[in-house]
Each structure stands twice: as C-alpha cells, then as structure tokens.
Amino acid sequence: MLLILLLVIPLVTGLASFAFRKTPAVKTWALIGALATLVVAALSFCGIKESIPEANYNWLPSLGANFSLQGSVMALLMTLLTAIVFPLVFIAQWNKDIEQPSRFYGLMLLAQSGLMGVFLANDLLLFYFFWELALIPVYFLAGQWGGKDRIKTSFKFFVYTFLGSLLMLAGLIYLYIQTPNGSFDYNTILATGASLPIASQGTLFILFFIAFGIKMPIFPLHSWQASAYEQTLTPVTIVLSALMVKMGLFGVMKWLYPVFPHVDEQFYNIIMILALIGILYGSLLAIVQTDIKRLVAYSSLAHVGLMIMGIFAQTENATNGVITQMFNHGITITGLWLVVDMIERRYQTRDLASLGGLAGAAPKMTIALVVITFSSIALPLTNGFVGEFLLFLGIFESTNPNHITFMVLAGLGIILGAIYMLNMVQKVAYGEQKSLVIADMSLNEKISIYIILIVIVVLGVYPNLLLQVL
Amino acid sequence: MKPLIATAVFAILMMFAALTVKEKKSLTNFAAILMLGLIGLNIWELADYNHLLANAQAAPDLFAKMLRVDNYALWFNVLMTACSFLYILLTGRSIEKVGVHVGEYYSLHFFILCGVFLLSTYNNLLILFLGIEILSIPQYILAGSDKRNLKSSEAALKYFLMGAFSTGILLMGIVLLYGAMGTFDIHGFNFYATGTLSVMGIVGVMFMLVALGFKVSAAPMHFWTPDVYDGSPTPFTAFMATIVKVSVFFAFMRLFMEGFANIDPYWKVLLLGVITGLTLLIGNITAVYQQSVKRMLAYSSIAQAGFMMFVVIGSNAMAMKGMIVYAVAYTIATLGIFGVLLKLKDYTYDGFNGLAKKHPFLALVATICLMSLAGIPLTAGFFAKWFVIAAALEQAYTFWLVVFALVMAAVSLFYYFKVIMAMYFKQGDPELVSEITTLDKVVMTVIICAIIVFGIAPDMLLSWI
C-alpha cells in the first residue's frame with residue numbers, strides 16, 4: 001500500500017499542479033505533496049527490517065505483464081533519496097521566480113513519480129515504462145527553462161537516452177520471447193536470462209548496458225552530460241545528477257548484472273576500464289573548468305565512475321559501498337548544486353575568475369560550501385567517506401587480476417578531486433571580495449542546506465544507520 | 001456482407017444527396033450519420049458471426065468462397081469504420097472547403113471503405129484485385145479534387161500513373177500465380193504441384209510483393225508518396241495515410257501469411273528484410289530534412305510503413321495482434337496530428353512556433369499524437385511497436401533488423417520532436433484558419449484519451465480476436 005502511495009502522491013499532486021493559477025499556491029501545493037511523499041517514503045523505509053514490501057496488481061495478463069512493485073533495501077533507499085531531494089529543492093528555490101510555475105512544479109512532481117516507479121518496479125515491462133516516463137517530464141523541464149542553448153542540449157540529452165532505451169527495448173522483447181510462457185516477472189526474467197546461451201547473454205548485456213551507461217553516464221557515452229547540466233535550471237540539474245544518474249546505476253544492479261550472470265568476464269574488465277577512464281578524464285576536465293556548473297558536472301562523471309567500478313568488482317563490500325554511495329552522493333551533490341545556485345544568483349555569474357570573497361560576505365554559506373565539498377572529496381567524518389571507503393575496500397578485495405591497479409588508479413581520482421574542489425572553494429570563498437552586496441543564506445535556503453549538512457555529518461559519524469539495513 | 005453492401009449503397013446515396021442537398025454542412029452531417037450506421041452494421045455483423053460460432057455453425061459461403069469472414073477481419077472492419085467516423089468529424093469542415101463537390105467526396109470515401117472491407121475479407125486473388133482497385137480509383141480522384149491547385153493536379157496524375165502501373169504488376173503477379181497453380185484461392189496455392197518448386201509461382205510472389213509494396217509505399221517503391229501526400233488536399237491526405245494504408249497492410253499480411261507461408265524462406269527475411277530496412281532508412285532520414293510538417297508526415301508514414309512491414313515478416317499470431325494495434329495506434333495518432341495541422345495556416349515548422357502558449361489544447365493534442373508516433377510508453381504507439389517487434393523477433397535472423405529499426409525510431413525523434421520543440425520552447429504567433437469548435441475539442445479529446453487508454457491497456461483492442 002505504501003509503495004502505491006509513493007507513486008500516486010507525486011502523480012496526483014503533479015497533475016493537479018497544472019490547474020493552479022497563482023504562484024504561491026502552486027508552490028505550497030507542490031511542497032505539501034513532496035513532504036507527504038517523504039513521510040510515506042520514510043515510513044516504508046523504517047519498516048524494511050521486518051519485511052520487504054510488495055504490491056501486485058493485474059495489468060496485462062495476456063502479455064504476462066503485471067503491475068508489481070517491490071521495495072528491496074536498495075529500492076527503498078533510492079525512493080527515500082528521491083523523496084528527500086524534492087522537498088529540499090522546493091524549499092531552497094522558494095524565493096526564486098520561475099516562469100509558468102504551475103507547469104514547472106507539475107512536471108517536477110511527475111518526474112518524481114516516474115523515478116519512484118523505476119526504483120520500485122519488479123516487472124520488466126513496468127520498469128521500462130517508468131524508465132521512459134521519468135525521462136519525458138525531465139525533457140520538458142530541461143527544454144523549457146534554463147540557459148539559451150537549452151533547446152539543443154536538452155534534445156541531445158533526450159535523443160541519447162531515448163536511443164539507449166530503444167536498444168534496451170530490443171533486448172527486453174528478445175528476452176521476453178525466450179521466457180517459457182511469456183512473462184515479464186522479475187524471477188522469470190532472472191531464470192530466463194541465466195539460461196540463455198552465453199553469446200546471446202553477451203549481446204543482451206551490451207544492449208542493456210548502453211541504455212544504463214548513457215544514463216549514468218559512463219565514459220564514451222557522457223557527452224550529453226556537461227552541457228545538459230550547464231544549461232538546465234538548478235532544480236532540474238539536481239533531478240538529473242542526483243537522481244537520474246542513480247537510475248542507470250540502479251538498473252545495472254537490479255536488471256543487468258543479476259539477469260545476465262554468465263557473460264564473459266572480459267566485459268566486466270572493459271567496463272572497469274571505461275569507468276576508470278571516466279574517473280581520470282572527468283577529474284582532469286574538472287580541473288581546467290572555469291564554470292562552476294561544468295566543474296561539478298565533470299566531478300559527477302568521476303564519482304559515478306567509481307560506483308560503476310564498485311558494481312563490477314563483485315564483492316560484498318563493494319556492493320554495499322555502491323548502495324551507500326548512491327544515497328550519499330545524491331545528498332552531497334544536491335547540496336553542492338544548491339550552494340552553487342545561491343552563489344550564481346548572488347554574483348550573477350558562474351565564472352570562477354569573477355567570483356571571490358564569499359567567506360567575508362556570507363560566512364554561513366561558505367561553511368556549508370566547505371562541508372559539502374569535504375563530503376564530495378570523501379573526507380572522514382562526512383558521509384562521502386563511508387561509501388568511498390567501502391568501494392575502495394571492495395575493489396581491492398576483488399578477484400579481478402588487475403584489482404590493485406584499478407584501485408590505485410581510481411584512488412588518483414580522490415586526489416584529483418581534492419585539487420579541483422578545493423581550488424573551487426578557494427576561488428569562491430577567499431580572495432578579493434568582488435561584490436559588496438552578497439547576502440548570506442535566507443531562511444528557506446538555510447532550512448534545506450542545514451538538513452543536508454546534518455545528514456552529511458550524522459551519516460559520516462555514525463554510518464551504521466545506513467549500513468545496518470544493507 | 002451487410003456492411004459491404006451498405007457501403008456501396010451509402011456511396012450511391014451520398015451521390016444522390018449531392019444532387020439534391022445544397023447545404024455543404026448537411027452533407028457532412030449526412031455522411032457522419034451514414035458512417036455511424038456503418039459502424040452499427042459492422043458490429044451487427046460481428047455479433048452475428050459470433051452467434052454462429054457460439055452455436056458451432058459454420059459461416060456461410062460468400063460468393064463461392066471468394067470472401068471469408070472471421071472475427072479478426074470483422075473486428076478490423078469495425079475499428080477502421082470507427083476511425084473513419086472520427087475522421088469525418090475531425091475533417092468535415094475542411095472537406096467542405098476543398099471544392100464544390102462535397103457530396104461526391106464523401107461518396108468516394110464510402111467507396112474506399114467498400115474496398116477496405118473487400119481487402120480485409122478476401123479469400124481469392126480476384127477479390128484482392130477488386131479491393132485494391134475500388135480502394136485506389138477514388139483516391140486518384142480525391143488527390144486531384146482541389147482543381148485550382150496545380151500541386152493537387154500533379155498529385156492526382158502522378159498517383160494515377162504510378163498506381164496504374166503497379167496495378168498492372170499486381171495483375172501480372174496474379175496471372176503468374178494462376179498459371180503456376182491453377183487457382184485464385186489464396187489457401188489453395190501449392191508451389192510444389194509439379195514436384196519441384198514452381199519458378200513461375202515464385203516470380204508471381206515477387207510481383208505481388210512489389211505491387212503491394214508500392215501500395216503501402218515501402219521503399220524503393222515509395223517515390224510517389226511524398227508528392228501525392230503533399231499535393232493532395234490535407235483532409236484527403238489524412239485518409240490516405242491512415243485508413244487506406246493500414247487496410248492495404250492488412251491485405252498484404254493476410255496474403256503472405258496465409259497464401260505464401262509454405263515458401264516463406266523465399267520472401268521472408270532476405271527480401272522483406274531488405275525492403276523493411278530500406279523503408280525505415282529512407283523514410284526516417286529523409287523526414288529529418290523536411291521543412292513542411294505535412295511533407296514530413298508523408299515521410300513519417302513511409303517510416304511507419306517500415307515498422308508495419310514487421311507484421312508481414314512475422315506472419316504469426318503476435319503479428320496478427322500487432323497488425324490491429326499498429327493500425328489503430330498509427331491511424332488515430334496520425335488523424336490527431338492532421339486535425340491540428342488542418343487548423344493551422346502555416347504548414348512549416350515555424351508555423352507551430354509558440355502554439356503551446358496561444359492554443360495549449362492543440363499543442364497538447366499534437367504532442368500526445370507525436371509521442372505516440374514516436375512510440376513512447378503510455379501511448380498506444382508504444383504497444384504498437386512492441387507487438388510488431390515481438391512478432392518479428394519470434395522469427396530467426398531478425399534481431400539486428402529490429403535493432404536497426406529501433407535506432408531509426410530514435411532518428412524519428414528528430415522530426416517528431418522538432419514540432420514539439422517549436423510548440424513549447426519557441427516563441428511565435430501561430431495563426432489559425434478557423435476557430436476550434438466544440439466538436440473539434442470533443443473529437444480530439446476522444447483521440448488523446450484513446451491513445452493513452454490503449455497505451456495502458458492494449459488488450460482492449462484485442463478482446464474480440
């Protein structure tokens with residue numbers, strides 16, 4: 001029941017948002033909806049220790065597709081993240097004027113509903129449905145609001161991801177035809193996938209992986225990312241980078257890796273290498289960026305690379321690390337984007353060369369920036385450390401013959417990360433104060449940033465809160 | 001039987017009405033009422049047939065087994081008639097503006113439907129030929145009905161010459177098949193009658209393939225399509241691109257599935273694969289470069305034909321389902337987008353700029369229809385693609401063709417979403433040719449609701465077969 005509510009609340013509130021005419025009303029309505037979702041998500045997450053919630057309804061019996069949802073630990077953690085991020089974004093953006101707010105909030109909530117569905121679906125066709133449905137509102141959000149190149153960049157993003165989805169669709173239908181009675185049920189899919197010839201598994205693995213790899217994104221498929229992040233409005237950027245990226249990782253963890261278990265080990269190696277390239281290449285690109293949004297975008301490429309390596313390290317620690325880090329990265333990057341947005345709004349620029357002196361003018365914001373940066377570069381006592389530590393440990397323990405090389409090279413990513421992030425902090429916070437009228441955080445900004453800081457520190461000091469449920 | 005006779009009678013009634021009734025509007029209303037009656041007759045026929053089935057009685061022989069009815073064909077007729085009804089409601093006002101002979105236009109539509117019914121129930125190559133001709137000749141006239149427009153005349157002449165040529169090939173194919181096997185009955189073909197494979201029969205099959213490929217505008221027999229669709233008056237283009245096209249596909253599938261199944265290695269993957277691949281490639285790539293939305297829709301209909309070719313390749317139970325779902329999904333989505341197009345003055349992409357601000361309803365209808373054509377989940381178009389792909393994948397050696405088709409579906413975003421981008425993300429002041437009436441709103445709402453409902457539960461379309 002709770003699982004259904006997780007889908008229905010954002011869907012209904014989202015659709016209703018389109019009907020509002022007045023800006024404050026729609027903001028309040030969207031916030032209420034998002035908070036209600038958060039309550040439900042928290043409740044269902046708290047119940048995880050007793051049992052795994054499931055919901056099953058008939059949908060298309062003749063095709064063997066059911067409306068079945070399952071809240072595994074990873075799924076509920078991701079829904080919790082989704083439920084946390086949206087209200088935080090709405091609160092932080094409270095003072096910002098957005099054109100056509102009813103459309104904006106409606107689409108945001110529809111995107112939330114789609115994301116929830118992706119994480120909860122336990123039926124391959126249903127999963128595919130939500131996978132696409134999450135994309136459509138985000139495409140409209142990215143195309144309608146944002147920088148002046150937004151139409152082009154959002155379309156690029158859309159075509160990329162849609163192409164990936166279609167390749168997955170080919171694989172999906174092929175897999176469906178191989179099932180004994182034509183079924184999309186998760187367990188049937190698992191059994192069928194494992195029983196296919198190795199060569200077919202390899203082909204299907206590649207098709208599915210391209211779909212997920214574009215969303216994450218992994219190295220050669222990432223070219224939509226930086227421009228899309230740069231051109232979109234901050235709330236949309238957050239949906240893209242904190243949540244949609246996780247769709248790709250989640251897809252690999254639930255629908256790819258267990259479904260095709262017997263593919264050539266060489267595939268895993270290639271993916272590890274691509275992810276490694278992503279880490280180093282993303283970090284190096286981040287170092288030379290002068291636009292903060294692009295800098296954070298490339299840093300995201302590096303972080304995701306490490307998580308991909310964790311998935312294919314195939315050890316328990318690494319898997320736990322990926323799940324933890326998926327959650328923590330979502331929280332951290334949300335905070336980072338929010339602070340970047342505050343800075344941009346105050347300085348009216350994102351160019352690092354024209355920023356400076358934030359520490360003097362807005363000390364609280366600077367503290368927030370520094371703590372979030374620390375979390376991003378995985379300093380101990382922040383939540384970022386826990387996940388990355390487990391990931392490195394897991395990669396080190398891996399049976400892959402190159403595991404030490406992989407770990408060491410991936411470790412370079414942390415050092416490079418410190419370079420670009422601290423360099424960014426230094427340029428933004430210190431130096432000559434470029435503008436005299438920099439206001440510190442307003443109340444609504446404080447609320448959402450402080451919540452993020454609390455999560456960062458609490459999960460950093462006492463990670464067992466998360467680890468005990470894994 | 002009843003609907004078949006009724007179409008012919010209704011067509012003649014329409015002609016007489018055209019003589020006596022001067023008011024154009026009443027002619028439209030009359031046509032709509034007749035169409036509604038035709039839906040009723042079709043449902044009656046279907047119910048009758050089911051009654052026979054329920055009492056374990058055989059359906060009567062029609063015209064010495066030249067026609068054969070079954071649930072599947074009758075249900076297809078019901079759906080196509082229902083789509084025609086929507087079509088008349090949606091385009092009636094525009095048909096009145098095409099020229100002075102409004103009654104005749106409607107009459108020709110009924111004749112086309114007569115052809116549609118023949119094509120869905122034929123059991124004999126002669127009836128196939130008759131059906132194709134009854135379907136085509138009124139189209140030649142409709143294409144040229146805007147007499148003052150040079151492009152319309154060009155379309156009619158081109159269509160007529162090319163169509164007559166392809167009919168010749170069709171006839172040649174039928175003759176060769178008859179020569180090889182001595183029968184016109186599509187279930188009576190025995191390609192191995194002399195012990196070895198009959199070469200004449202195979203050549204006949206190839207001729208049929210070319211001729212029917214021409215009628216459904218499969219590449220490389222597609223060259224007439226863009227000019228004819230672009231030149232014909234827009235409402236008639238909508239009819240040609242939807243109901244007519246899918247009906248010929250229906251006949252195409254039945255002929256190859258039922259008649260030529262036992263020699264399928266000769267035509268299935270290799271030949272149809274090449275034709276399908278080419279159709280998808282040419283349709284999609286060329287559509288990207290169009291400036292006018294109407295012309296883009298012509299190329300998009302070629303691209304969609306590429307997907308529908310999968311039902312012929314599949315020729316299995318899944319393909320039969322796919323045929324129905326694709327036919328309806330494609331027809332209603334295309335009708336919807338044509339309905340929007342008819343309201344606009346400017347058919348170029350720029351004509352759509354800023355439509356979402358000025359006429360949000362039209363923009364919403366166009367968006368949902370285009371998404372359905374692109375095959376995005378939650379629209380009927382998704383399941384249409386799903387079924388035909390599943391049908392194709394049940395055959396061996398089609399996997400990479402399907403992957404190619406899906407890559408081409410991603411290409412289709414470039415032209416479908418160009419319209420959506422123009423409507424939602426660009427500024428402009430689109431002008432309408434006429435008011436959006438309540439009737440328009442109702443019909444368009446029915447269309448988008450149908451698209452979404454069939455996008456969630458495609459079973460509803462298949463409950464009768």
# chains A, B, ... in the order shown; residues from 1 in each chain; ligands from 1

call {"tool": "residues_around", "arguments": {"residues": "Leu133 of chain A", "least_positions_apart": "6", "cutoff": "10 Å", "atoms": "only C-alpha atoms", "output": "list in words"}}
result
Leu110, Ala111, Gln112, Ser113, Gly114, Leu115, Gly117, Val118 and Phe127 of chain A; Ile376, Pro377 and Leu378 of chain B

call {"tool": "residues_around", "arguments": {"residues": "segment 423-437 of chain B", "least_positions_apart": "4", "cutoff": "6 Å", "atoms": "only C-alpha atoms", "output": "list in words"}}
result
Gln144 of chain A; Lys343, Leu344, Lys345, Gly351, Phe352, Asn353, Gly354, Leu355 and Ala356 of chain B

call {"tool": "closest_residue", "arguments": {"among": "B:Tyr49, B:Trp386, B:Phe250, B:Phe454", "to": "Asn71 of chain B", "atoms": "only C-alpha atoms"}}
result
B:Tyr49

call {"tool": "residues_around", "arguments": {"residues": "Leu62 of chain B", "least_positions_apart": "3", "cutoff": "12 Å", "atoms": "only C-alpha atoms", "output": "number ranges by chain"}}
result
B: 1-2, 4, 58-59, 65-70, 118, 121-124, 127

call {"tool": "write_last_selection", "arguments": {"atoms": "C-alpha atoms", "output": "mmCIF file, in the first residue's frame"}}
result
data_model
loop_
_atom_site.group_PDB
_atom_site.id
_atom_site.type_symbol
_atom_site.label_atom_id
_atom_site.label_comp_id
_atom_site.auth_asym_id
_atom_site.auth_seq_id
_atom_site.Cartn_x
_atom_site.Cartn_y
_atom_site.Cartn_z
ATOM 1 C CA MET B 1 -21.871 -8.952 -46.188
ATOM 2 C CA LYS B 2 -24.187 -6.338 -44.729
ATOM 3 C CA LEU B 4 -20.069 -4.393 -47.732
ATOM 4 C CA ALA B 58 -20.051 -22.670 -39.950
ATOM 5 C CA ALA B 59 -20.146 -19.255 -41.513
ATOM 6 C CA LYS B 65 -15.825 -18.816 -51.027
ATOM 7 C CA MET B 66 -14.368 -15.740 -52.632
ATOM 8 C CA LEU B 67 -14.902 -13.908 -49.368
ATOM 9 C CA ARG B 68 -14.261 -15.342 -45.982
ATOM 10 C CA VAL B 69 -15.277 -13.721 -42.751
ATOM 11 C CA ASP B 70 -13.769 -14.303 -39.358
ATOM 12 C CA LEU B 118 -13.084 -6.400 -49.504
ATOM 13 C CA THR B 121 -12.182 -10.433 -46.064
ATOM 14 C CA TYR B 122 -10.880 -11.581 -49.446
ATOM 15 C CA ASN B 123 -10.141 -15.208 -49.962
ATOM 16 C CA ASN B 124 -9.369 -15.018 -53.606
ATOM 17 C CA ILE B 127 -11.256 -10.074 -54.866
#

call {"tool": "interface_residues", "arguments": {"of": "chain A", "to": "chain B", "cutoff": "8 Å", "atoms": "only C-alpha atoms", "output": "list in words"}}
result
Trp59, Leu60, Ser62, Phe129, Glu132, Leu133, Gly143, Gln144, Ile151, Val159, Phe162, Leu163, Leu166, Leu167, Ala170, Ile173, Tyr174 and Ile177 of chain A

call {"tool": "closest_residue", "arguments": {"among": "B:Gly306, B:Gly163, B:Pro235, B:Gly277", "to": "Phe249 of chain B", "atoms": "only C-alpha atoms"}}
result
B:Gly306

call {"tool": "closest_residue", "arguments": {"among": "B:Thr379, B:Thr445, B:Ser198, B:Ser372", "to": "Ile263 of chain B", "atoms": "only C-alpha atoms"}}
result
B:Ser198

call {"tool": "residues_around", "arguments": {"residues": "Tyr330 of chain B", "least_positions_apart": "4", "cutoff": "7 Å", "atoms": "only C-alpha atoms", "output": "MDAnalysis selection string"}}
result
chainID B and resid 326 334 373 381

call {"tool": "residues_around", "arguments": {"residues": "Phe160 of chain B", "least_positions_apart": "2", "cutoff": "9 Å", "atoms": "only C-alpha atoms", "output": "list in words"}}
result
Ser136, Ile137, Gln139, Tyr140, Ile141, Ala155, Ala156, Leu157, Lys158, Met162, Gly163, Ala164 and Phe165 of chain B

call {"tool": "residues_around", "arguments": {"residues": "Gln231 of chain A", "least_positions_apart": "2", "cutoff": "7 Å", "atoms": "only C-alpha atoms", "output": "VMD selection string"}}
result
chain A and resid 146 to 147 149 to 150 227 to 229 233

call {"tool": "write_last_selection", "arguments": {"atoms": "N, CA and C atoms", "output": "tab-separated table (two decimals), in the first residue's frame"}}
result
chain	number	residue	atom	x	y	z
A	146	GLY	N	15.85	27.46	-18.55
A	146	GLY	CA	17.30	27.31	-18.49
A	146	GLY	C	18.02	28.28	-19.41
A	147	GLY	N	19.26	27.94	-19.70
A	147	GLY	CA	20.13	28.81	-20.49
A	147	GLY	C	19.67	28.92	-21.93
A	149	ASP	N	21.02	27.92	-24.72
A	149	ASP	CA	21.23	26.76	-25.59
A	149	ASP	C	20.39	25.57	-25.15
A	150	ARG	N	19.41	25.84	-24.29
A	150	ARG	CA	18.74	24.71	-23.64
A	150	ARG	C	18.00	23.79	-24.62
A	227	SER	N	26.91	19.65	-20.89
A	227	SER	CA	26.11	20.74	-21.46
A	227	SER	C	24.69	20.73	-20.91
A	228	ALA	N	24.15	19.53	-20.69
A	228	ALA	CA	22.79	19.47	-20.13
A	228	ALA	C	22.77	20.04	-18.72
A	229	TYR	N	23.75	19.70	-17.91
A	229	TYR	CA	23.80	20.22	-16.54
A	229	TYR	C	23.96	21.73	-16.56
A	233	LEU	N	18.02	24.54	-15.40
A	233	LEU	CA	17.78	25.22	-14.14
A	233	LEU	C	18.24	24.31	-13.00

call {"tool": "select_by_dssp", "arguments": {"residues": "segment 218-362 of chain A", "states": "helix (DSSP H, G or I)", "output": "PyMOL selection string"}}
result
chain A and resi 219-221+225-231+234-256+265-288+292-313+316-347+352-354+358-361

call {"tool": "residues_around", "arguments": {"residues": "segment 456-459 of chain A", "least_positions_apart": "2", "cutoff": "12 Å", "atoms": "only C-alpha atoms", "output": "MDAnalysis selection string"}}
result
chainID A and resid 324:325 327:336 368 370:376 378:387 449:454 461:468

call {"tool": "closest_residue", "arguments": {"among": "A:Ser154, A:Asn269, A:Gln201, A:Ser102", "to": "Val138 of chain A", "atoms": "only C-alpha atoms"}}
result
A:Ser154
